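Visitor: Next comes input_14.txt, compact mmCIF, N, CA and C atoms:
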```txt
# COMPACT_ATOMS: atom_id res chain seq x y z
N MET R 1 -4.18 -0.14 2.55
CA MET R 1 -4.37 1.29 2.82
C MET R 1 -3.10 2.04 2.46
N GLY R 2 -3.30 3.20 1.95
CA GLY R 2 -2.16 3.97 1.51
C GLY R 2 -1.29 4.50 2.63
N HIS R 3 -1.90 4.93 3.74
CA HIS R 3 -1.15 5.59 4.79
C HIS R 3 -1.09 4.82 6.10
N LEU R 4 -1.51 3.58 6.09
CA LEU R 4 -1.33 2.69 7.24
C LEU R 4 -0.78 1.38 6.72
N GLN R 5 -0.03 0.70 7.55
CA GLN R 5 0.54 -0.59 7.17
C GLN R 5 -0.54 -1.65 7.37
N GLN R 6 -1.58 -1.53 6.55
CA GLN R 6 -2.76 -2.37 6.70
C GLN R 6 -3.30 -2.78 5.35
N LEU R 7 -3.78 -4.01 5.28
CA LEU R 7 -4.39 -4.55 4.07
C LEU R 7 -5.87 -4.73 4.36
N ASN R 8 -6.73 -4.15 3.53
CA ASN R 8 -8.17 -4.30 3.67
C ASN R 8 -8.69 -5.22 2.58
N ILE R 9 -9.43 -6.25 2.98
CA ILE R 9 -9.98 -7.20 2.02
C ILE R 9 -11.50 -7.17 2.13
N LEU R 10 -12.16 -6.95 1.00
CA LEU R 10 -13.61 -6.94 0.96
C LEU R 10 -14.08 -8.37 0.72
N ASP R 11 -14.85 -8.89 1.68
CA ASP R 11 -15.41 -10.24 1.56
C ASP R 11 -16.83 -10.10 1.02
N PHE R 12 -17.01 -10.45 -0.25
CA PHE R 12 -18.32 -10.28 -0.89
C PHE R 12 -19.37 -11.23 -0.32
N GLU R 13 -18.95 -12.37 0.21
CA GLU R 13 -19.90 -13.35 0.74
C GLU R 13 -20.59 -12.84 2.00
N ILE R 14 -19.85 -12.16 2.85
CA ILE R 14 -20.46 -11.65 4.09
C ILE R 14 -20.70 -10.15 4.04
N GLY R 15 -20.20 -9.49 2.99
CA GLY R 15 -20.44 -8.07 2.82
C GLY R 15 -19.69 -7.20 3.81
N GLN R 16 -18.50 -7.61 4.21
CA GLN R 16 -17.72 -6.84 5.17
C GLN R 16 -16.30 -6.62 4.66
N VAL R 17 -15.70 -5.56 5.18
CA VAL R 17 -14.29 -5.30 4.93
C VAL R 17 -13.53 -5.79 6.16
N ILE R 18 -12.52 -6.60 5.90
CA ILE R 18 -11.70 -7.12 6.99
C ILE R 18 -10.32 -6.49 6.85
N GLY R 19 -9.86 -5.83 7.90
CA GLY R 19 -8.56 -5.16 7.88
C GLY R 19 -7.52 -6.01 8.59
N TYR R 20 -6.36 -6.14 7.96
CA TYR R 20 -5.23 -6.87 8.53
C TYR R 20 -4.06 -5.91 8.66
N ARG R 21 -3.77 -5.51 9.88
CA ARG R 21 -2.66 -4.59 10.11
C ARG R 21 -1.41 -5.40 10.41
N MET R 22 -0.30 -4.98 9.79
CA MET R 22 0.95 -5.67 10.02
C MET R 22 1.43 -5.42 11.44
N GLU R 23 2.08 -6.42 11.99
CA GLU R 23 2.57 -6.33 13.37
C GLU R 23 3.49 -5.12 13.52
N GLY R 24 3.24 -4.34 14.54
CA GLY R 24 4.04 -3.15 14.79
C GLY R 24 3.62 -1.94 13.97
N GLY R 25 2.57 -2.09 13.18
CA GLY R 25 2.10 -0.98 12.34
C GLY R 25 1.42 0.10 13.16
N GLU R 26 1.41 1.31 12.63
CA GLU R 26 0.79 2.45 13.31
C GLU R 26 -0.73 2.28 13.35
N SER R 27 -1.35 2.95 14.31
CA SER R 27 -2.81 2.91 14.44
C SER R 27 -3.42 4.08 13.67
N PHE R 28 -4.75 4.14 13.68
CA PHE R 28 -5.45 5.23 13.02
C PHE R 28 -5.14 6.58 13.67
N LEU R 29 -4.64 6.58 14.89
CA LEU R 29 -4.28 7.84 15.56
C LEU R 29 -3.21 8.59 14.78
N ALA R 30 -2.32 7.88 14.12
CA ALA R 30 -1.27 8.53 13.34
C ALA R 30 -1.88 9.39 12.24
N LEU R 31 -2.98 8.95 11.66
CA LEU R 31 -3.65 9.73 10.62
C LEU R 31 -4.35 10.95 11.21
N ARG R 32 -4.92 10.77 12.37
CA ARG R 32 -5.63 11.87 13.02
C ARG R 32 -4.65 12.96 13.44
N GLU R 33 -3.48 12.56 13.93
CA GLU R 33 -2.50 13.53 14.38
C GLU R 33 -1.77 14.21 13.23
N LYS R 34 -1.81 13.59 12.05
CA LYS R 34 -1.20 14.12 10.83
C LYS R 34 0.28 14.47 11.00
N LYS R 35 0.97 13.66 11.77
CA LYS R 35 2.41 13.85 11.94
C LYS R 35 3.14 12.72 11.23
N ASN R 36 4.08 13.07 10.40
CA ASN R 36 4.91 12.09 9.71
C ASN R 36 4.07 10.99 9.04
N ILE R 37 3.06 11.40 8.30
CA ILE R 37 2.25 10.42 7.59
C ILE R 37 3.11 9.79 6.50
N LYS R 38 3.08 8.47 6.47
CA LYS R 38 3.90 7.72 5.51
C LYS R 38 3.04 7.13 4.41
N ASN R 39 3.68 6.80 3.32
CA ASN R 39 3.03 6.02 2.27
C ASN R 39 3.48 4.58 2.44
N TYR R 40 2.53 3.67 2.40
CA TYR R 40 2.88 2.26 2.55
C TYR R 40 2.65 1.50 1.25
N TYR R 41 1.42 1.23 0.91
CA TYR R 41 1.14 0.45 -0.30
C TYR R 41 0.67 1.38 -1.40
N VAL R 42 1.40 1.37 -2.51
CA VAL R 42 1.13 2.32 -3.58
C VAL R 42 0.55 1.67 -4.84
N GLU R 43 0.66 0.36 -4.98
CA GLU R 43 0.09 -0.40 -6.10
C GLU R 43 -0.32 -1.76 -5.57
N VAL R 44 -1.45 -2.28 -6.04
CA VAL R 44 -1.91 -3.60 -5.61
C VAL R 44 -2.49 -4.36 -6.79
N GLN R 45 -2.15 -5.65 -6.87
CA GLN R 45 -2.72 -6.57 -7.85
C GLN R 45 -3.07 -7.85 -7.08
N ALA R 46 -4.02 -8.64 -7.60
CA ALA R 46 -4.42 -9.86 -6.89
C ALA R 46 -4.86 -10.92 -7.89
N ASP R 47 -4.66 -12.18 -7.49
CA ASP R 47 -5.20 -13.32 -8.24
C ASP R 47 -5.96 -14.20 -7.25
N ASP R 48 -6.30 -15.40 -7.63
CA ASP R 48 -7.07 -16.28 -6.76
C ASP R 48 -6.31 -16.72 -5.52
N ASN R 49 -4.98 -16.66 -5.56
CA ASN R 49 -4.17 -17.17 -4.45
C ASN R 49 -3.52 -16.08 -3.60
N TYR R 50 -3.09 -14.99 -4.24
CA TYR R 50 -2.28 -14.02 -3.52
C TYR R 50 -2.67 -12.58 -3.86
N ILE R 51 -2.22 -11.67 -2.98
CA ILE R 51 -2.35 -10.24 -3.17
C ILE R 51 -0.92 -9.70 -3.22
N TYR R 52 -0.62 -8.94 -4.26
CA TYR R 52 0.72 -8.40 -4.48
C TYR R 52 0.65 -6.90 -4.27
N ALA R 53 1.38 -6.40 -3.27
CA ALA R 53 1.30 -4.98 -2.93
C ALA R 53 2.68 -4.34 -2.99
N LEU R 54 2.82 -3.29 -3.78
CA LEU R 54 4.07 -2.56 -3.88
C LEU R 54 4.24 -1.73 -2.61
N TYR R 55 5.34 -1.97 -1.89
CA TYR R 55 5.53 -1.42 -0.55
C TYR R 55 6.61 -0.35 -0.52
N TRP R 56 6.26 0.79 0.09
CA TRP R 56 7.21 1.89 0.29
C TRP R 56 7.58 1.99 1.76
N GLY R 57 6.65 2.29 2.64
CA GLY R 57 6.88 2.29 4.08
C GLY R 57 7.72 3.44 4.61
N LYS R 58 7.75 4.53 3.88
CA LYS R 58 8.56 5.68 4.31
C LYS R 58 7.73 6.95 4.18
N ASP R 59 8.34 8.07 4.54
CA ASP R 59 7.64 9.35 4.45
C ASP R 59 7.17 9.62 3.03
N ARG R 60 6.09 10.39 2.95
CA ARG R 60 5.55 10.76 1.63
C ARG R 60 6.61 11.53 0.85
N TRP R 61 6.51 11.43 -0.46
CA TRP R 61 7.43 12.15 -1.31
C TRP R 61 6.73 13.34 -1.94
N GLY R 62 7.52 14.30 -2.40
CA GLY R 62 6.97 15.50 -3.02
C GLY R 62 6.51 15.26 -4.44
N MET R 63 5.82 16.23 -4.99
CA MET R 63 5.25 16.11 -6.33
C MET R 63 6.33 15.93 -7.40
N SER R 64 7.48 16.53 -7.22
CA SER R 64 8.53 16.45 -8.24
C SER R 64 9.50 15.29 -7.99
N GLU R 65 9.33 14.56 -6.92
CA GLU R 65 10.22 13.45 -6.58
C GLU R 65 9.69 12.13 -7.11
N ILE R 66 10.60 11.25 -7.45
CA ILE R 66 10.22 9.90 -7.83
C ILE R 66 10.96 8.95 -6.88
N PRO R 67 10.25 8.29 -6.00
CA PRO R 67 10.92 7.42 -5.03
C PRO R 67 11.43 6.13 -5.66
N TYR R 68 12.43 5.55 -5.05
CA TYR R 68 12.97 4.26 -5.49
C TYR R 68 12.24 3.17 -4.70
N ILE R 69 11.20 2.63 -5.30
CA ILE R 69 10.39 1.59 -4.64
C ILE R 69 10.69 0.27 -5.33
N ASN R 70 11.17 -0.71 -4.56
CA ASN R 70 11.56 -1.98 -5.16
C ASN R 70 11.13 -3.20 -4.34
N THR R 71 10.17 -3.03 -3.44
CA THR R 71 9.74 -4.14 -2.59
C THR R 71 8.28 -4.46 -2.83
N ILE R 72 7.99 -5.74 -3.02
CA ILE R 72 6.62 -6.22 -3.19
C ILE R 72 6.31 -7.15 -2.04
N HIS R 73 5.23 -6.86 -1.33
CA HIS R 73 4.75 -7.76 -0.28
C HIS R 73 3.69 -8.67 -0.89
N VAL R 74 3.82 -9.96 -0.64
CA VAL R 74 2.87 -10.94 -1.14
C VAL R 74 2.09 -11.47 0.05
N PHE R 75 0.76 -11.34 -0.01
CA PHE R 75 -0.13 -11.78 1.06
C PHE R 75 -1.02 -12.91 0.56
N ASP R 76 -1.44 -13.78 1.49
CA ASP R 76 -2.51 -14.71 1.15
C ASP R 76 -3.83 -14.00 1.42
N TRP R 77 -4.95 -14.66 1.13
CA TRP R 77 -6.25 -14.02 1.29
C TRP R 77 -6.75 -13.97 2.73
N HIS R 78 -5.89 -14.40 3.67
CA HIS R 78 -6.20 -14.26 5.09
C HIS R 78 -5.35 -13.16 5.71
N GLY R 79 -4.72 -12.35 4.85
CA GLY R 79 -3.95 -11.21 5.31
C GLY R 79 -2.57 -11.55 5.84
N ARG R 80 -2.12 -12.78 5.66
CA ARG R 80 -0.79 -13.17 6.15
C ARG R 80 0.27 -12.84 5.10
N LEU R 81 1.34 -12.21 5.57
CA LEU R 81 2.46 -11.91 4.69
C LEU R 81 3.18 -13.21 4.38
N VAL R 82 3.22 -13.57 3.10
CA VAL R 82 3.80 -14.83 2.66
C VAL R 82 5.24 -14.65 2.20
N GLN R 83 5.51 -13.52 1.54
CA GLN R 83 6.82 -13.33 0.92
C GLN R 83 7.09 -11.85 0.77
N LYS R 84 8.36 -11.46 0.92
CA LYS R 84 8.81 -10.12 0.56
C LYS R 84 9.76 -10.29 -0.62
N VAL R 85 9.44 -9.61 -1.71
CA VAL R 85 10.25 -9.70 -2.92
C VAL R 85 10.91 -8.36 -3.15
N GLU R 86 12.24 -8.36 -3.24
CA GLU R 86 12.98 -7.14 -3.55
C GLU R 86 13.59 -7.28 -4.93
N THR R 87 13.36 -6.29 -5.77
CA THR R 87 13.91 -6.30 -7.11
C THR R 87 15.19 -5.46 -7.15
N ASP R 88 15.94 -5.61 -8.23
CA ASP R 88 17.16 -4.83 -8.43
C ASP R 88 16.88 -3.49 -9.10
N TYR R 89 15.62 -3.17 -9.30
CA TYR R 89 15.24 -1.96 -10.01
C TYR R 89 14.00 -1.36 -9.36
N ASP R 90 13.79 -0.08 -9.61
CA ASP R 90 12.64 0.62 -9.06
C ASP R 90 11.39 0.27 -9.87
N ILE R 91 10.25 0.36 -9.20
CA ILE R 91 8.97 -0.03 -9.81
C ILE R 91 8.02 1.15 -9.75
N ASP R 92 7.32 1.37 -10.87
CA ASP R 92 6.32 2.42 -10.95
C ASP R 92 4.91 1.83 -10.91
N LYS R 93 4.64 0.88 -11.79
CA LYS R 93 3.32 0.24 -11.88
C LYS R 93 3.49 -1.27 -12.01
N MET R 94 2.45 -2.00 -11.61
CA MET R 94 2.44 -3.47 -11.71
C MET R 94 1.15 -3.90 -12.40
N PHE R 95 1.25 -4.95 -13.21
CA PHE R 95 0.09 -5.50 -13.91
C PHE R 95 0.20 -7.02 -13.86
N LEU R 96 -0.84 -7.68 -13.40
CA LEU R 96 -0.81 -9.13 -13.22
C LEU R 96 -1.33 -9.85 -14.46
N ASP R 97 -0.59 -10.85 -14.89
CA ASP R 97 -0.99 -11.72 -16.00
C ASP R 97 -1.24 -13.11 -15.41
N THR R 98 -2.50 -13.46 -15.20
CA THR R 98 -2.83 -14.73 -14.57
C THR R 98 -2.68 -15.92 -15.52
N VAL R 99 -2.64 -15.68 -16.82
CA VAL R 99 -2.46 -16.75 -17.79
C VAL R 99 -1.01 -17.26 -17.76
N ARG R 100 -0.06 -16.33 -17.79
CA ARG R 100 1.36 -16.71 -17.77
C ARG R 100 1.93 -16.71 -16.36
N ASN R 101 1.14 -16.29 -15.38
CA ASN R 101 1.56 -16.18 -13.98
C ASN R 101 2.78 -15.27 -13.85
N ARG R 102 2.61 -14.07 -14.39
CA ARG R 102 3.67 -13.07 -14.35
C ARG R 102 3.14 -11.77 -13.77
N LEU R 103 4.04 -11.04 -13.19
CA LEU R 103 3.74 -9.70 -12.73
C LEU R 103 4.57 -8.75 -13.60
N TYR R 104 3.89 -8.05 -14.52
CA TYR R 104 4.58 -7.10 -15.40
C TYR R 104 4.81 -5.81 -14.64
N ILE R 105 5.95 -5.20 -14.89
CA ILE R 105 6.38 -4.04 -14.11
C ILE R 105 6.89 -2.96 -15.05
N THR R 106 6.45 -1.72 -14.80
CA THR R 106 7.04 -0.59 -15.49
C THR R 106 7.90 0.17 -14.49
N ARG R 107 8.86 0.88 -15.03
CA ARG R 107 9.79 1.64 -14.20
C ARG R 107 9.63 3.13 -14.49
N PRO R 108 9.85 3.96 -13.49
CA PRO R 108 9.82 5.40 -13.76
C PRO R 108 10.95 5.78 -14.72
N LYS R 109 10.67 6.66 -15.61
CA LYS R 109 11.67 7.18 -16.56
C LYS R 109 12.28 6.10 -17.44
N ALA R 110 11.54 5.04 -17.72
CA ALA R 110 12.03 3.98 -18.61
C ALA R 110 10.90 3.51 -19.51
N ASP R 111 11.24 3.14 -20.71
CA ASP R 111 10.23 2.68 -21.66
C ASP R 111 10.07 1.16 -21.66
N ASP R 112 10.97 0.46 -21.01
CA ASP R 112 10.93 -0.99 -21.01
C ASP R 112 9.88 -1.53 -20.04
N ILE R 113 9.42 -2.73 -20.35
CA ILE R 113 8.51 -3.44 -19.45
C ILE R 113 9.23 -4.71 -19.00
N PHE R 114 9.25 -4.93 -17.70
CA PHE R 114 9.90 -6.09 -17.12
C PHE R 114 8.82 -7.01 -16.57
N TYR R 115 9.20 -8.23 -16.21
CA TYR R 115 8.24 -9.09 -15.54
C TYR R 115 8.94 -9.99 -14.54
N LEU R 116 8.18 -10.36 -13.53
CA LEU R 116 8.60 -11.36 -12.55
C LEU R 116 7.80 -12.62 -12.84
N ASN R 117 8.48 -13.73 -12.97
CA ASN R 117 7.81 -15.02 -13.12
C ASN R 117 7.37 -15.45 -11.73
N LEU R 118 6.08 -15.42 -11.46
CA LEU R 118 5.59 -15.69 -10.11
C LEU R 118 5.77 -17.15 -9.69
N ASP R 119 5.93 -18.06 -10.66
CA ASP R 119 6.22 -19.45 -10.31
C ASP R 119 7.58 -19.57 -9.63
N GLU R 120 8.48 -18.64 -9.92
CA GLU R 120 9.82 -18.65 -9.32
C GLU R 120 9.90 -17.81 -8.05
N VAL R 121 8.98 -16.89 -7.88
CA VAL R 121 9.05 -15.93 -6.78
C VAL R 121 8.23 -16.36 -5.57
N VAL R 122 7.01 -16.82 -5.80
CA VAL R 122 6.08 -17.14 -4.71
C VAL R 122 6.08 -18.65 -4.49
N PRO R 123 6.16 -19.05 -3.22
CA PRO R 123 6.21 -20.50 -2.92
C PRO R 123 4.98 -21.25 -3.35
```
Represent the structure from my file as structure tokens, please.
Guide:
Amino acid sequence: MGHLQQLNILDFEIGQVIGYRMEGGESFLALREKKNIKNYYVEVQADDNYIYALYWGKDRWGMSEIPYINTIHVFDWHGRLVQKVETDYDIDKMFLDTVRNRLYITRPKADDIFYLNLDEVVP
């Protein structure tokens, strides 16, 4: 979810959405009260083993601002946080390559494409 520290997984076998809220995360009341609404997960990619979510966890930014986001949360398919990956650079978009097991990354205001070798990052 964009404005809660929660991961929603759609289970096609049972036809339900299962929500996994991180420990200490805000409840839905925070959205109803509309006070200090934060952005949490801004990009998500997934493969058969893991869910990779670009994590901000701070107040929303303005239209002309570009936040420095450099943390990726890696979850298993049971909603458990497996790994926190921090990069030395800001991330704009992520694209998963399941053949090479890489997470390709673009950066704001940069033309280069970087990648994380997931064999080295995820246990």
Visitor: I'd like the neighbourhood of R:Tyr89 as number ranges by chain, where a residue qualifies if any of its atoms comes within 8 Å (using all atoms listed in the file), though same-chain residues fewer than 5 positions away should be ignored.
Guide: R: 68-71, 107-108
Visitor: Expressed in Å to a single decimal, how great is the separation between atom C of R:Ile18 and atom CA of R:Gly79?
Guide: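 So the answer is 8.1 Å.
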Visitor: Just how far from atom CA of R:Gly15 is atom CA of R:Gln45, in Å to one decimal?
Guide: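 Value for the atom CA of R:Gln45-atom CA of R:Gly15 distance: 20.7 Å.
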Visitor: Just list as a ChimeraX atom specification whatever in stretch 15-117 of chain R DSSP marks as alpha helix (DSSP H).
Guide: /R:29-33
Visitor: Can you write out the residues you just picked, keeping N, CA and C atoms, as a short mmCIF file (atom, residue, chain, number, x, y, z; two decimals), keeping the file's coordinate frame?
Guide:
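Wrote it out as result16.cif, contents follow:
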```
data_model
loop_
_atom_site.label_atom_id
_atom_site.label_comp_id
_atom_site.auth_asym_id
_atom_site.auth_seq_id
_atom_site.Cartn_x
_atom_site.Cartn_y
_atom_site.Cartn_z
N LEU R 29 -4.64 6.58 14.89
CA LEU R 29 -4.28 7.84 15.56
C LEU R 29 -3.21 8.59 14.78
N ALA R 30 -2.32 7.88 14.12
CA ALA R 30 -1.27 8.53 13.34
C ALA R 30 -1.88 9.39 12.24
N LEU R 31 -2.98 8.95 11.66
CA LEU R 31 -3.65 9.73 10.62
C LEU R 31 -4.35 10.95 11.21
N ARG R 32 -4.92 10.77 12.37
CA ARG R 32 -5.63 11.87 13.02
C ARG R 32 -4.65 12.96 13.44
N GLU R 33 -3.48 12.56 13.93
CA GLU R 33 -2.50 13.53 14.38
C GLU R 33 -1.77 14.21 13.23
#
```
Visitor: Residues within 6 Å of R:Arg102, please, as a PDB file with N, CA and C atoms, keeping the file's coordinate frame. Count only N, CA and C atoms; anything in the same chain fewer than 5 positions from it doesn't count.
Guide:
```
ATOM      1  N   PHE R  95       1.250  -4.950 -13.210  1.00  0.00           N
ATOM      2  CA  PHE R  95       0.090  -5.500 -13.910  1.00  0.00           C
ATOM      3  C   PHE R  95       0.200  -7.020 -13.860  1.00  0.00           C
ATOM      4  N   LEU R  96      -0.840  -7.680 -13.400  1.00  0.00           N
ATOM      5  CA  LEU R  96      -0.810  -9.130 -13.220  1.00  0.00           C
ATOM      6  C   LEU R  96      -1.330  -9.850 -14.460  1.00  0.00           C
ATOM      7  N   ASP R  97      -0.590 -10.850 -14.890  1.00  0.00           N
ATOM      8  CA  ASP R  97      -0.990 -11.720 -16.000  1.00  0.00           C
ATOM      9  C   ASP R  97      -1.240 -13.110 -15.410  1.00  0.00           C
ATOM     10  N   LEU R 116       8.180 -10.360 -13.530  1.00  0.00           N
ATOM     11  CA  LEU R 116       8.600 -11.360 -12.550  1.00  0.00           C
ATOM     12  C   LEU R 116       7.800 -12.620 -12.840  1.00  0.00           C
ATOM     13  N   ASN R 117       8.480 -13.730 -12.970  1.00  0.00           N
ATOM     14  CA  ASN R 117       7.810 -15.020 -13.120  1.00  0.00           C
ATOM     15  C   ASN R 117       7.370 -15.450 -11.730  1.00  0.00           C
ATOM     16  N   LEU R 118       6.080 -15.420 -11.460  1.00  0.00           N
ATOM     17  CA  LEU R 118       5.590 -15.690 -10.110  1.00  0.00           C
ATOM     18  C   LEU R 118       5.770 -17.150  -9.690  1.00  0.00           C
TER      19      LEU R 118
END
```
Visitor: Rounded to one decimal in Å, what is the spacing between atom CA of R:Gln6 and atom CA of R:Lys109?
Guide: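 Here the two named atoms are 29.0 Å from each other.
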Visitor: Could you check which of R:Arg21, R:Lys58, R:Pro123, R:His73 is closest to R:Ile37, using all atoms listed in the file?
Guide: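 Between R:Arg21, R:Lys58, R:Pro123, R:His73, the residue approaching R:Ile37 most closely is R:Lys58.
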Visitor: With distances taken over only C-alpha atoms, which of R:Lys84, R:His78, R:Lys93, R:Arg100 is nearest to R:Tyr20?
Guide: R:His78
Visitor: Between R:Asp11, R:Asp76, R:Glu65, R:Asp47, which is the closest to R:Thr98 once you count all atoms listed in the file?
Guide: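 Ranking R:Asp11, R:Asp76, R:Glu65, R:Asp47 by distance to R:Thr98, first place goes to R:Asp47.
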